[in-house]
>>> print(open('run_19.tsv').read())   # TSV, C-alpha atoms and all ligand atoms
chain	number	residue	atom	x	y	z
T	13	MET	CA	5.93	290.94	-108.98
T	14	ASP	CA	2.19	290.33	-108.83
T	15	ASN	CA	1.98	286.58	-109.45
T	16	SER	CA	-1.31	286.91	-111.30
T	17	THR	CA	0.53	288.48	-114.24
T	18	ASP	CA	2.24	285.14	-114.78
T	19	PHE	CA	-0.80	283.21	-115.76
T	20	ASN	CA	-3.55	285.48	-117.06
T	21	SER	CA	-2.74	284.02	-120.43
T	22	LEU	CA	-4.13	280.63	-119.36
T	23	ARG	CA	-7.63	282.11	-119.17
T	24	GLY	CA	-8.85	279.40	-116.82
T	25	LEU	CA	-7.61	276.52	-118.93
T	26	SER	CA	-6.69	273.42	-116.92
T	27	VAL	CA	-3.18	272.02	-116.95
T	28	PHE	CA	-2.36	268.32	-117.31
T	29	LEU	CA	1.09	267.18	-116.21
T	30	LEU	CA	2.38	264.19	-118.18
T	31	GLY	CA	5.54	262.13	-117.87
T	32	MET	CA	7.17	259.02	-116.53
T	33	MET	CA	6.82	257.58	-113.06
T	34	GLY	CA	9.06	259.69	-110.84
T	35	ALA	CA	9.05	262.69	-113.18
T	36	GLY	CA	7.64	264.85	-110.40
T	37	LYS	CA	4.07	265.35	-111.64
T	38	SER	CA	2.51	264.98	-108.19
T	39	THR	CA	5.21	267.01	-106.45
T	40	LEU	CA	5.19	269.91	-108.92
T	41	GLY	CA	1.47	269.79	-109.57
T	42	GLU	CA	0.66	270.87	-106.08
T	43	LEU	CA	3.20	273.73	-106.19
T	44	LEU	CA	2.06	274.85	-109.63
T	45	SER	CA	-1.58	274.88	-108.57
T	46	ARG	CA	-0.74	277.16	-105.68
T	47	ARG	CA	1.11	279.59	-107.95
T	48	LEU	CA	-1.78	279.61	-110.40
T	49	GLN	CA	-4.40	279.73	-107.66
T	50	TYR	CA	-5.90	276.67	-109.27
T	51	ARG	CA	-7.31	273.53	-107.67
T	52	PHE	CA	-5.12	270.45	-107.68
T	53	PHE	CA	-6.02	266.83	-108.36
T	54	ASP	CA	-3.87	263.75	-108.76
T	55	THR	CA	-5.46	260.97	-110.80
T	56	ASP	CA	-3.60	258.24	-108.86
T	57	ILE	CA	-4.98	259.55	-105.56
T	58	LEU	CA	-8.51	259.79	-106.94
T	59	ILE	CA	-8.31	256.25	-108.30
T	60	GLU	CA	-7.26	254.98	-104.86
T	61	ARG	CA	-10.22	256.81	-103.35
T	62	VAL	CA	-12.70	255.38	-105.87
T	63	ALA	CA	-11.33	251.85	-105.51
T	64	GLY	CA	-10.87	252.09	-101.74
T	65	LYS	CA	-7.40	250.57	-102.02
T	66	LYS	CA	-3.83	251.31	-102.98
T	67	ILE	CA	-2.72	251.21	-106.63
T	68	ARG	CA	-0.46	248.27	-105.80
T	69	GLU	CA	-3.52	246.37	-104.53
T	70	ILE	CA	-5.67	247.26	-107.55
T	71	PHE	CA	-2.99	245.84	-109.86
T	72	ALA	CA	-2.62	242.72	-107.69
T	73	ASP	CA	-6.34	242.02	-107.14
T	74	GLU	CA	-7.92	243.17	-110.40
T	75	GLY	CA	-5.09	243.62	-112.87
T	76	GLU	CA	-3.74	246.51	-114.89
T	77	ALA	CA	-6.71	246.62	-117.30
T	78	THR	CA	-9.09	247.47	-114.46
T	79	PHE	CA	-6.68	250.13	-113.21
T	80	ARG	CA	-6.58	251.66	-116.70
T	81	GLU	CA	-10.39	251.73	-116.87
T	82	LEU	CA	-10.56	253.56	-113.55
T	83	GLU	CA	-7.88	255.93	-114.81
T	84	THR	CA	-9.96	256.86	-117.85
T	85	GLN	CA	-13.08	257.26	-115.73
T	86	VAL	CA	-11.33	259.65	-113.34
T	87	LEU	CA	-9.77	261.61	-116.20
T	88	ALA	CA	-13.12	261.97	-117.96
T	89	GLU	CA	-14.60	263.59	-114.87
T	90	LEU	CA	-11.66	265.92	-114.34
T	91	SER	CA	-11.60	267.01	-117.96
T	92	SER	CA	-14.77	269.06	-117.60
T	93	LEU	CA	-13.19	271.28	-114.91
T	94	THR	CA	-11.46	274.59	-115.46
T	95	LYS	CA	-8.75	276.26	-113.36
T	96	THR	CA	-7.35	272.93	-112.26
T	97	VAL	CA	-3.88	271.39	-112.29
T	98	ILE	CA	-4.02	267.64	-112.81
T	99	ALA	CA	-1.10	265.33	-112.09
T	100	THR	CA	-1.72	262.27	-114.23
T	101	GLY	CA	-0.36	258.76	-113.76
T	102	GLY	CA	2.68	257.90	-115.87
T	103	GLY	CA	0.61	255.61	-118.12
T	104	MET	CA	-2.21	258.06	-118.85
T	105	VAL	CA	-0.88	258.61	-122.36
T	106	LEU	CA	-1.24	254.94	-123.33
T	107	LYS	CA	-4.95	254.81	-124.18
T	108	PRO	CA	-5.90	256.75	-127.32
T	109	MET	CA	-9.25	257.57	-125.75
T	110	ASN	CA	-7.55	259.47	-122.91
T	111	TRP	CA	-6.22	262.00	-125.39
T	112	SER	CA	-9.71	263.27	-126.15
T	113	TYR	CA	-9.88	264.32	-122.48
T	114	LEU	CA	-6.29	265.53	-122.12
T	115	ARG	CA	-6.82	267.86	-125.06
T	116	HIS	CA	-9.32	269.85	-123.04
T	117	GLY	CA	-6.39	271.44	-121.22
T	118	LEU	CA	-2.78	272.47	-121.66
T	119	MET	CA	-0.61	269.34	-121.63
T	120	ILE	CA	2.86	269.65	-120.16
T	121	TRP	CA	5.46	266.87	-120.43
T	122	LEU	CA	8.04	266.74	-117.64
T	123	ASP	CA	10.94	265.21	-119.53
T	124	VAL	CA	13.30	263.75	-116.94
T	125	PRO	CA	16.41	261.74	-117.92
T	126	LEU	CA	16.48	258.04	-117.11
T	127	GLU	CA	19.37	258.34	-114.61
T	128	ILE	CA	17.40	260.81	-112.49
T	129	LEU	CA	14.27	258.63	-112.56
T	130	VAL	CA	16.32	255.64	-111.40
T	131	LYS	CA	17.81	257.63	-108.53
T	132	ARG	CA	14.40	258.87	-107.42
T	133	LEU	CA	12.60	255.54	-107.65
T	134	LYS	CA	15.09	253.02	-106.34
T	135	GLN	CA	13.67	253.06	-102.80
T	136	ASP	CA	10.04	253.19	-103.93
T	137	THR	CA	7.69	250.23	-103.54
T	138	SER	CA	4.38	251.87	-104.44
T	139	ARG	CA	4.62	251.48	-108.22
T	140	PRO	CA	3.55	247.98	-109.28
T	141	LEU	CA	5.05	248.18	-112.77
T	142	LEU	CA	8.49	248.51	-111.21
T	143	GLU	CA	8.18	245.56	-108.84
T	144	SER	CA	10.58	242.64	-109.02
T	145	THR	CA	12.37	243.76	-112.16
T	146	ASP	CA	15.65	245.44	-112.93
T	147	LEU	CA	14.57	249.03	-112.28
T	148	GLU	CA	16.79	250.71	-114.84
T	149	SER	CA	15.94	248.32	-117.70
T	150	LYS	CA	12.23	248.50	-116.95
T	151	LEU	CA	12.21	252.30	-116.86
T	152	GLU	CA	14.29	252.42	-120.03
T	153	LEU	CA	11.82	250.18	-121.82
T	154	LEU	CA	8.79	252.16	-120.64
T	155	LEU	CA	10.44	255.43	-121.64
T	156	GLU	CA	11.22	254.04	-125.08
T	157	GLN	CA	7.59	252.93	-125.51
T	158	ARG	CA	6.13	256.19	-124.25
T	159	ARG	CA	8.50	258.96	-125.34
T	160	GLY	CA	6.64	259.53	-128.62
T	161	LEU	CA	3.34	259.80	-126.76
T	162	TYR	CA	4.61	262.27	-124.15
T	163	ALA	CA	6.05	264.30	-127.02
T	164	GLU	CA	2.48	265.00	-128.17
T	165	ALA	CA	2.12	267.42	-125.23
T	166	ASP	CA	1.80	271.15	-125.88
T	167	LEU	CA	4.88	271.95	-123.85
T	168	ARG	CA	8.02	269.98	-122.98
T	169	ILE	CA	9.95	270.93	-119.88
T	170	VAL	CA	13.39	269.34	-119.71
T	171	VAL	CA	14.44	268.68	-116.13
T	172	SER	CA	18.05	268.38	-114.98
T	173	ASP	CA	19.55	266.96	-111.82
T	174	LEU	CA	19.93	270.43	-110.33
T	175	ASP	CA	16.36	271.63	-110.91
T	176	THR	CA	14.42	271.97	-107.68
T	177	PRO	CA	10.62	271.64	-107.82
T	178	ALA	CA	10.30	275.41	-107.32
T	179	HIS	CA	12.70	276.06	-110.18
T	180	ILE	CA	10.78	273.77	-112.53
T	181	VAL	CA	7.52	275.51	-111.65
T	182	GLU	CA	9.15	278.82	-112.59
T	183	LYS	CA	10.24	277.33	-115.91
T	184	ILE	CA	6.66	276.23	-116.56
T	185	LEU	CA	5.22	279.63	-115.67
T	186	THR	CA	7.72	281.34	-117.94
T	187	ALA	CA	6.91	279.05	-120.86
T	188	ILE	CA	3.11	279.17	-120.57
T	189	PRO	CA	2.50	282.56	-122.27
T	190	THR	CA	4.54	281.49	-125.29
T	191	VAL	CA	2.85	278.14	-125.74
T	192	ILE	CA	-0.62	279.48	-125.09
T	193	LYS	CA	-0.21	281.86	-128.02
T	194	ASP	CA	-0.32	278.88	-130.37
T	195	PHE	CA	-2.97	277.01	-128.43
T	196	HIS	CA	-6.20	276.45	-130.28
T	197	PRO	CA	-9.06	275.59	-127.92
T	198	GLU	CA	-11.12	274.48	-130.90
T	199	ARG	CA	-8.49	271.87	-131.79
T	200	ASP	CA	-9.64	268.38	-132.65
T	201	HIS	CA	-11.09	266.70	-129.57
T	202	ASN	CA	-11.22	263.22	-131.07
I	1	LIG	N1	12.71	268.34	-108.87
I	1	LIG	C1	12.89	267.35	-108.01
I	1	LIG	N2	14.06	267.23	-107.37
I	1	LIG	C2	14.27	266.22	-106.51
I	1	LIG	N3	13.36	265.25	-106.22
I	1	LIG	C3	12.18	265.32	-106.83
I	1	LIG	C4	11.87	266.36	-107.76
I	1	LIG	N4	10.62	266.16	-108.24
I	1	LIG	C5	10.17	265.04	-107.62
I	1	LIG	N5	11.10	264.54	-106.78
I	1	LIG	C6	10.98	263.32	-105.96
I	1	LIG	O1	10.85	262.23	-106.87
I	1	LIG	C7	9.92	261.27	-106.38
I	1	LIG	C8	8.82	261.05	-107.42
I	1	LIG	O2	8.08	262.26	-107.59
I	1	LIG	P1	6.51	262.24	-107.89
I	1	LIG	O3	5.84	261.25	-107.01
I	1	LIG	O4	6.06	263.66	-107.83
I	1	LIG	O5	6.51	261.69	-109.38
I	1	LIG	P2	5.27	261.40	-110.33
I	1	LIG	O6	5.62	261.97	-111.64
I	1	LIG	O7	4.02	261.88	-109.70
I	1	LIG	O8	5.28	259.80	-110.44
I	1	LIG	P3	4.02	258.78	-110.73
I	1	LIG	O9	3.73	258.81	-112.20
I	1	LIG	O10	4.53	257.44	-110.35
I	1	LIG	O11	2.88	259.22	-109.90
I	1	LIG	C9	9.40	261.81	-105.05
I	1	LIG	O12	10.13	261.21	-104.02
I	1	LIG	C10	9.71	263.31	-105.12
I	1	LIG	O13	9.96	263.85	-103.84
I	2	LIG	O1	3.62	254.68	-115.45
I	2	LIG	C1	2.63	253.99	-115.11
I	2	LIG	O2	2.10	253.16	-115.88
I	2	LIG	C2	2.07	254.19	-113.76
I	2	LIG	C3	2.41	255.33	-113.07
I	2	LIG	C4	1.85	255.66	-111.75
I	2	LIG	O3	1.61	257.07	-111.70
I	2	LIG	C5	0.54	254.92	-111.48
I	2	LIG	O4	-0.50	255.45	-112.26
I	2	LIG	C6	0.71	253.45	-111.76
I	2	LIG	O5	1.68	252.96	-110.87
I	2	LIG	C7	1.12	253.19	-113.22
I	3	MG	MG	2.23	260.95	-109.16
>>> encode(input="run_19.tsv", output="structure tokens")
Amino acid sequence: MDNSTDFNSLRGLSVFLLGMMGAGKSTLGELLSRRLQYRFFDTDILIERVAGKKIREIFADEGEATFRELETQVLAELSSLTKTVIATGGGMVLKPMNWSYLRHGLMIWLDVPLEILVKRLKQDTSRPLLESTDLESKLELLLEQRRGLYAEADLRIVVSDLDTPAHIVEKILTAIPTVIKDFHPERDHN
């Protein structure tokens, strides 16, 4: 099949991937962008570039509030682009102001069960919010606090243990035409 038939319905609209740490936003974002022939950006990577240091170091040296400011700044710049897939950081949904930027594109929530997140993140040391705490309890708490926010996305993709990144991208591409039908670009940007 000609891949372009998959995504004509997007009409150049950017895609924002939302979801918890470890949900696969960065991994899938890159794959999805290739399928869509879109550019790909990852807000965490851009923040590290702007700050000239790792996220772990930004949290340690300047605190989470500074990280969140940089996050909004990077998002604001990306939101004016078209034909772009953007992997956001897990906490992008926290600031109400960020929603005015996220709403410029199609927002997709990668909904991954807690057990899978724990499995994926137990060896990881790059995520400061998961440092020196009981990983499962911390993730559970964050998920509880954020679930309602992620649920504001235009599309929810439920991920199971057996879903490979390629399979999830196919699920997204299949769902896009349906969700885009109800998408109103003139929706409230506030
Ligand atoms: N479908 C999948 N199956 C198996 N492993 C996966 C899948 N998707 C992602 N992973 C793995 O899970 C880990 C976390 O993925 P990734 O970094 O893409 O998450 P993220 O959503 O970008 O997290 P963060 O919000 O912290 O940036 C990586 O090691 C990645 O290889
Ligand atoms: O869920 C979060 O709050 C975070 C997720 C990561 O992507 C990074 O943006 C950072 O580690 C914070
Ligand atoms: Mg990521």
>>> residues_near_point(input="run_19.tsv", point="(-11.6, 267.0, -118.3)", cutoff="12 Å", atoms="all atoms listed in the file", output="PyMOL selection string")
chain T and resi 25-28+53+55+84-98+100+110-119+201
>>> write_last_selection(input="run_19.tsv", atoms="C-alpha atoms", output="compact mmCIF listing (two decimals), in the frame of the given file")
# COMPACT_ATOMS: atom_id res chain seq x y z
CA LEU T 25 -7.61 276.52 -118.93
CA SER T 26 -6.69 273.42 -116.92
CA VAL T 27 -3.18 272.02 -116.95
CA PHE T 28 -2.36 268.32 -117.31
CA PHE T 53 -6.02 266.83 -108.36
CA THR T 55 -5.46 260.97 -110.80
CA THR T 84 -9.96 256.86 -117.85
CA GLN T 85 -13.08 257.26 -115.73
CA VAL T 86 -11.33 259.65 -113.34
CA LEU T 87 -9.77 261.61 -116.20
CA ALA T 88 -13.12 261.97 -117.96
CA GLU T 89 -14.60 263.59 -114.87
CA LEU T 90 -11.66 265.92 -114.34
CA SER T 91 -11.60 267.01 -117.96
CA SER T 92 -14.77 269.06 -117.60
CA LEU T 93 -13.19 271.28 -114.91
CA THR T 94 -11.46 274.59 -115.46
CA LYS T 95 -8.75 276.26 -113.36
CA THR T 96 -7.35 272.93 -112.26
CA VAL T 97 -3.88 271.39 -112.29
CA ILE T 98 -4.02 267.64 -112.81
CA THR T 100 -1.72 262.27 -114.23
CA ASN T 110 -7.55 259.47 -122.91
CA TRP T 111 -6.22 262.00 -125.39
CA SER T 112 -9.71 263.27 -126.15
CA TYR T 113 -9.88 264.32 -122.48
CA LEU T 114 -6.29 265.53 -122.12
CA ARG T 115 -6.82 267.86 -125.06
CA HIS T 116 -9.32 269.85 -123.04
CA GLY T 117 -6.39 271.44 -121.22
CA LEU T 118 -2.78 272.47 -121.66
CA MET T 119 -0.61 269.34 -121.63
CA HIS T 201 -11.09 266.70 -129.57
>>> atom_distance(input="run_19.tsv", atom1="atom O5 of ligand LIG 2 (chain I)", atom2="CA of Arg46 (chain T)")
24.9 Å
>>> residues_near_ligand(input="run_19.tsv", ligand="ligand LIG 2 (chain I)", cutoff="9 Å", atoms="all atoms listed in the file", output="JSON, numbers by chain")
{"T": [31, 32, 33, 34, 37, 38, 55, 56, 59, 67, 68, 71, 76, 79, 80, 83, 99, 100, 101, 102, 103, 104, 105, 106, 138, 139, 140, 141, 142, 154]}
>>> write_last_selection(input="run_19.tsv", atoms="C-alpha atoms", output="JSON list (two decimals), in the coordinates of the input")
[["chain", "number", "residue", "atom", "x", "y", "z"],
["T", 31, "GLY", "CA", 5.54, 262.13, -117.87],
["T", 32, "MET", "CA", 7.17, 259.02, -116.53],
["T", 33, "MET", "CA", 6.82, 257.58, -113.06],
["T", 34, "GLY", "CA", 9.06, 259.69, -110.84],
["T", 37, "LYS", "CA", 4.07, 265.35, -111.64],
["T", 38, "SER", "CA", 2.51, 264.98, -108.19],
["T", 55, "THR", "CA", -5.46, 260.97, -110.80],
["T", 56, "ASP", "CA", -3.60, 258.24, -108.86],
["T", 59, "ILE", "CA", -8.31, 256.25, -108.30],
["T", 67, "ILE", "CA", -2.72, 251.21, -106.63],
["T", 68, "ARG", "CA", -0.46, 248.27, -105.80],
["T", 71, "PHE", "CA", -2.99, 245.84, -109.86],
["T", 76, "GLU", "CA", -3.74, 246.51, -114.89],
["T", 79, "PHE", "CA", -6.68, 250.13, -113.21],
["T", 80, "ARG", "CA", -6.58, 251.66, -116.70],
["T", 83, "GLU", "CA", -7.88, 255.93, -114.81],
["T", 99, "ALA", "CA", -1.10, 265.33, -112.09],
["T", 100, "THR", "CA", -1.72, 262.27, -114.23],
["T", 101, "GLY", "CA", -0.36, 258.76, -113.76],
["T", 102, "GLY", "CA", 2.68, 257.90, -115.87],
["T", 103, "GLY", "CA", 0.61, 255.61, -118.12],
["T", 104, "MET", "CA", -2.21, 258.06, -118.85],
["T", 105, "VAL", "CA", -0.88, 258.61, -122.36],
["T", 106, "LEU", "CA", -1.24, 254.94, -123.33],
["T", 138, "SER", "CA", 4.38, 251.87, -104.44],
["T", 139, "ARG", "CA", 4.62, 251.48, -108.22],
["T", 140, "PRO", "CA", 3.55, 247.98, -109.28],
["T", 141, "LEU", "CA", 5.05, 248.18, -112.77],
["T", 142, "LEU", "CA", 8.49, 248.51, -111.21],
["T", 154, "LEU", "CA", 8.79, 252.16, -120.64]]
>>> atom_distance(input="run_19.tsv", atom1="CA of Arg47 (chain T)", atom2="CA of Ala178 (chain T)")
10.1 Å
>>> closest_residue(input="run_19.tsv", among="T:Glu42, T:Asp54, T:Asp73, T:Asp194", to="ligand MG 3 (chain I)", atoms="all atoms listed in the file")
T:Asp54
>>> residues_around(input="run_19.tsv", residues="Glu127 (chain T)", least_positions_apart="6", cutoff="10 Å", atoms="all atoms listed in the file", output="ChimeraX atom specification")
/T:148,151-152,173
>>> axis_aligned_box(input="run_19.tsv", around="ligand LIG 1 (chain I)", padding_each_side="4 Å", output="JSON")
{"center_x": 8.6, "center_y": 262.9, "center_z": -108.0, "size_x": 19.4, "size_y": 18.9, "size_z": 16.4}
>>> closest_residue(input="run_19.tsv", among="T:Gly64, T:Gly160, T:Gly75, T:Gly24", to="Ser45 (chain T)", atoms="only C-alpha atoms")
T:Gly24
>>> closest_residue(input="run_19.tsv", among="T:Ile70, T:Leu122, T:Val181, T:Val171", to="ligand MG 3 (chain I)", atoms="all atoms listed in the file")
T:Leu122
>>> residues_around(input="run_19.tsv", residues="Arg132 (chain T)", least_positions_apart="3", cutoff="10 Å", atoms="only C-alpha atoms", output="NGL selection string")
:T and (33-36 or 126-129 or 135-136)
>>> write_last_selection(input="run_19.tsv", atoms="C-alpha atoms", output="mmCIF file, in the frame of the given file")
data_model
loop_
_atom_site.group_PDB
_atom_site.id
_atom_site.type_symbol
_atom_site.label_atom_id
_atom_site.label_comp_id
_atom_site.auth_asym_id
_atom_site.auth_seq_id
_atom_site.Cartn_x
_atom_site.Cartn_y
_atom_site.Cartn_z
ATOM 1 C CA MET T 33 6.820 257.580 -113.060
ATOM 2 C CA GLY T 34 9.060 259.690 -110.840
ATOM 3 C CA ALA T 35 9.050 262.690 -113.180
ATOM 4 C CA GLY T 36 7.640 264.850 -110.400
ATOM 5 C CA LEU T 126 16.480 258.040 -117.110
ATOM 6 C CA GLU T 127 19.370 258.340 -114.610
ATOM 7 C CA ILE T 128 17.400 260.810 -112.490
ATOM 8 C CA LEU T 129 14.270 258.630 -112.560
ATOM 9 C CA GLN T 135 13.670 253.060 -102.800
ATOM 10 C CA ASP T 136 10.040 253.190 -103.930
#
>>> decode(input="run_19.tsv", residues="region 73-85 of chain T", atoms="N, CA, C and O atoms", output="PDB file, in the first residue's frame")
ATOM      1  N   ASP T  73      20.665  21.149  39.717  1.00  0.00           N
ATOM      2  CA  ASP T  73      21.303  22.474  39.853  1.00  0.00           C
ATOM      3  C   ASP T  73      20.279  23.598  40.003  1.00  0.00           C
ATOM      4  O   ASP T  73      20.496  24.557  40.740  1.00  0.00           O
ATOM      5  N   GLU T  74      19.187  23.498  39.222  1.00  0.00           N
ATOM      6  CA  GLU T  74      18.261  24.646  39.177  1.00  0.00           C
ATOM      7  C   GLU T  74      16.858  24.342  39.684  1.00  0.00           C
ATOM      8  O   GLU T  74      16.052  25.247  39.861  1.00  0.00           O
ATOM      9  N   GLY T  75      16.566  23.062  39.841  1.00  0.00           N
ATOM     10  CA  GLY T  75      15.254  22.677  40.362  1.00  0.00           C
ATOM     11  C   GLY T  75      14.226  22.406  39.272  1.00  0.00           C
ATOM     12  O   GLY T  75      14.399  22.806  38.118  1.00  0.00           O
ATOM     13  N   GLU T  76      13.151  21.757  39.702  1.00  0.00           N
ATOM     14  CA  GLU T  76      12.118  21.354  38.729  1.00  0.00           C
ATOM     15  C   GLU T  76      11.433  22.563  38.083  1.00  0.00           C
ATOM     16  O   GLU T  76      11.092  22.537  36.900  1.00  0.00           O
ATOM     17  N   ALA T  77      11.229  23.637  38.859  1.00  0.00           N
ATOM     18  CA  ALA T  77      10.499  24.803  38.312  1.00  0.00           C
ATOM     19  C   ALA T  77      11.222  25.362  37.086  1.00  0.00           C
ATOM     20  O   ALA T  77      10.582  25.722  36.085  1.00  0.00           O
ATOM     21  N   THR T  78      12.545  25.433  37.155  1.00  0.00           N
ATOM     22  CA  THR T  78      13.308  25.931  35.999  1.00  0.00           C
ATOM     23  C   THR T  78      13.165  24.984  34.821  1.00  0.00           C
ATOM     24  O   THR T  78      12.990  25.409  33.674  1.00  0.00           O
ATOM     25  N   PHE T  79      13.213  23.672  35.108  1.00  0.00           N
ATOM     26  CA  PHE T  79      13.012  22.691  34.038  1.00  0.00           C
ATOM     27  C   PHE T  79      11.658  22.912  33.370  1.00  0.00           C
ATOM     28  O   PHE T  79      11.537  22.913  32.143  1.00  0.00           O
ATOM     29  N   ARG T  80      10.625  23.126  34.182  1.00  0.00           N
ATOM     30  CA  ARG T  80       9.273  23.289  33.627  1.00  0.00           C
ATOM     31  C   ARG T  80       9.161  24.564  32.788  1.00  0.00           C
ATOM     32  O   ARG T  80       8.397  24.613  31.817  1.00  0.00           O
ATOM     33  N   GLU T  81       9.899  25.602  33.172  1.00  0.00           N
ATOM     34  CA  GLU T  81       9.894  26.835  32.366  1.00  0.00           C
ATOM     35  C   GLU T  81      10.528  26.588  31.001  1.00  0.00           C
ATOM     36  O   GLU T  81      10.023  27.023  29.970  1.00  0.00           O
ATOM     37  N   LEU T  82      11.661  25.875  31.024  1.00  0.00           N
ATOM     38  CA  LEU T  82      12.327  25.548  29.756  1.00  0.00           C
ATOM     39  C   LEU T  82      11.417  24.687  28.885  1.00  0.00           C
ATOM     40  O   LEU T  82      11.361  24.834  27.663  1.00  0.00           O
ATOM     41  N   GLU T  83      10.687  23.809  29.545  1.00  0.00           N
ATOM     42  CA  GLU T  83       9.786  22.891  28.825  1.00  0.00           C
ATOM     43  C   GLU T  83       8.712  23.694  28.079  1.00  0.00           C
ATOM     44  O   GLU T  83       8.429  23.452  26.908  1.00  0.00           O
ATOM     45  N   THR T  84       8.152  24.683  28.754  1.00  0.00           N
ATOM     46  CA  THR T  84       7.118  25.516  28.129  1.00  0.00           C
ATOM     47  C   THR T  84       7.702  26.334  26.978  1.00  0.00           C
ATOM     48  O   THR T  84       7.090  26.468  25.916  1.00  0.00           O
ATOM     49  N   GLN T  85       8.909  26.843  27.199  1.00  0.00           N
ATOM     50  CA  GLN T  85       9.576  27.651  26.174  1.00  0.00           C
ATOM     51  C   GLN T  85       9.805  26.833  24.892  1.00  0.00           C
ATOM     52  O   GLN T  85       9.516  27.282  23.787  1.00  0.00           O
TER      53      GLN T  85
END
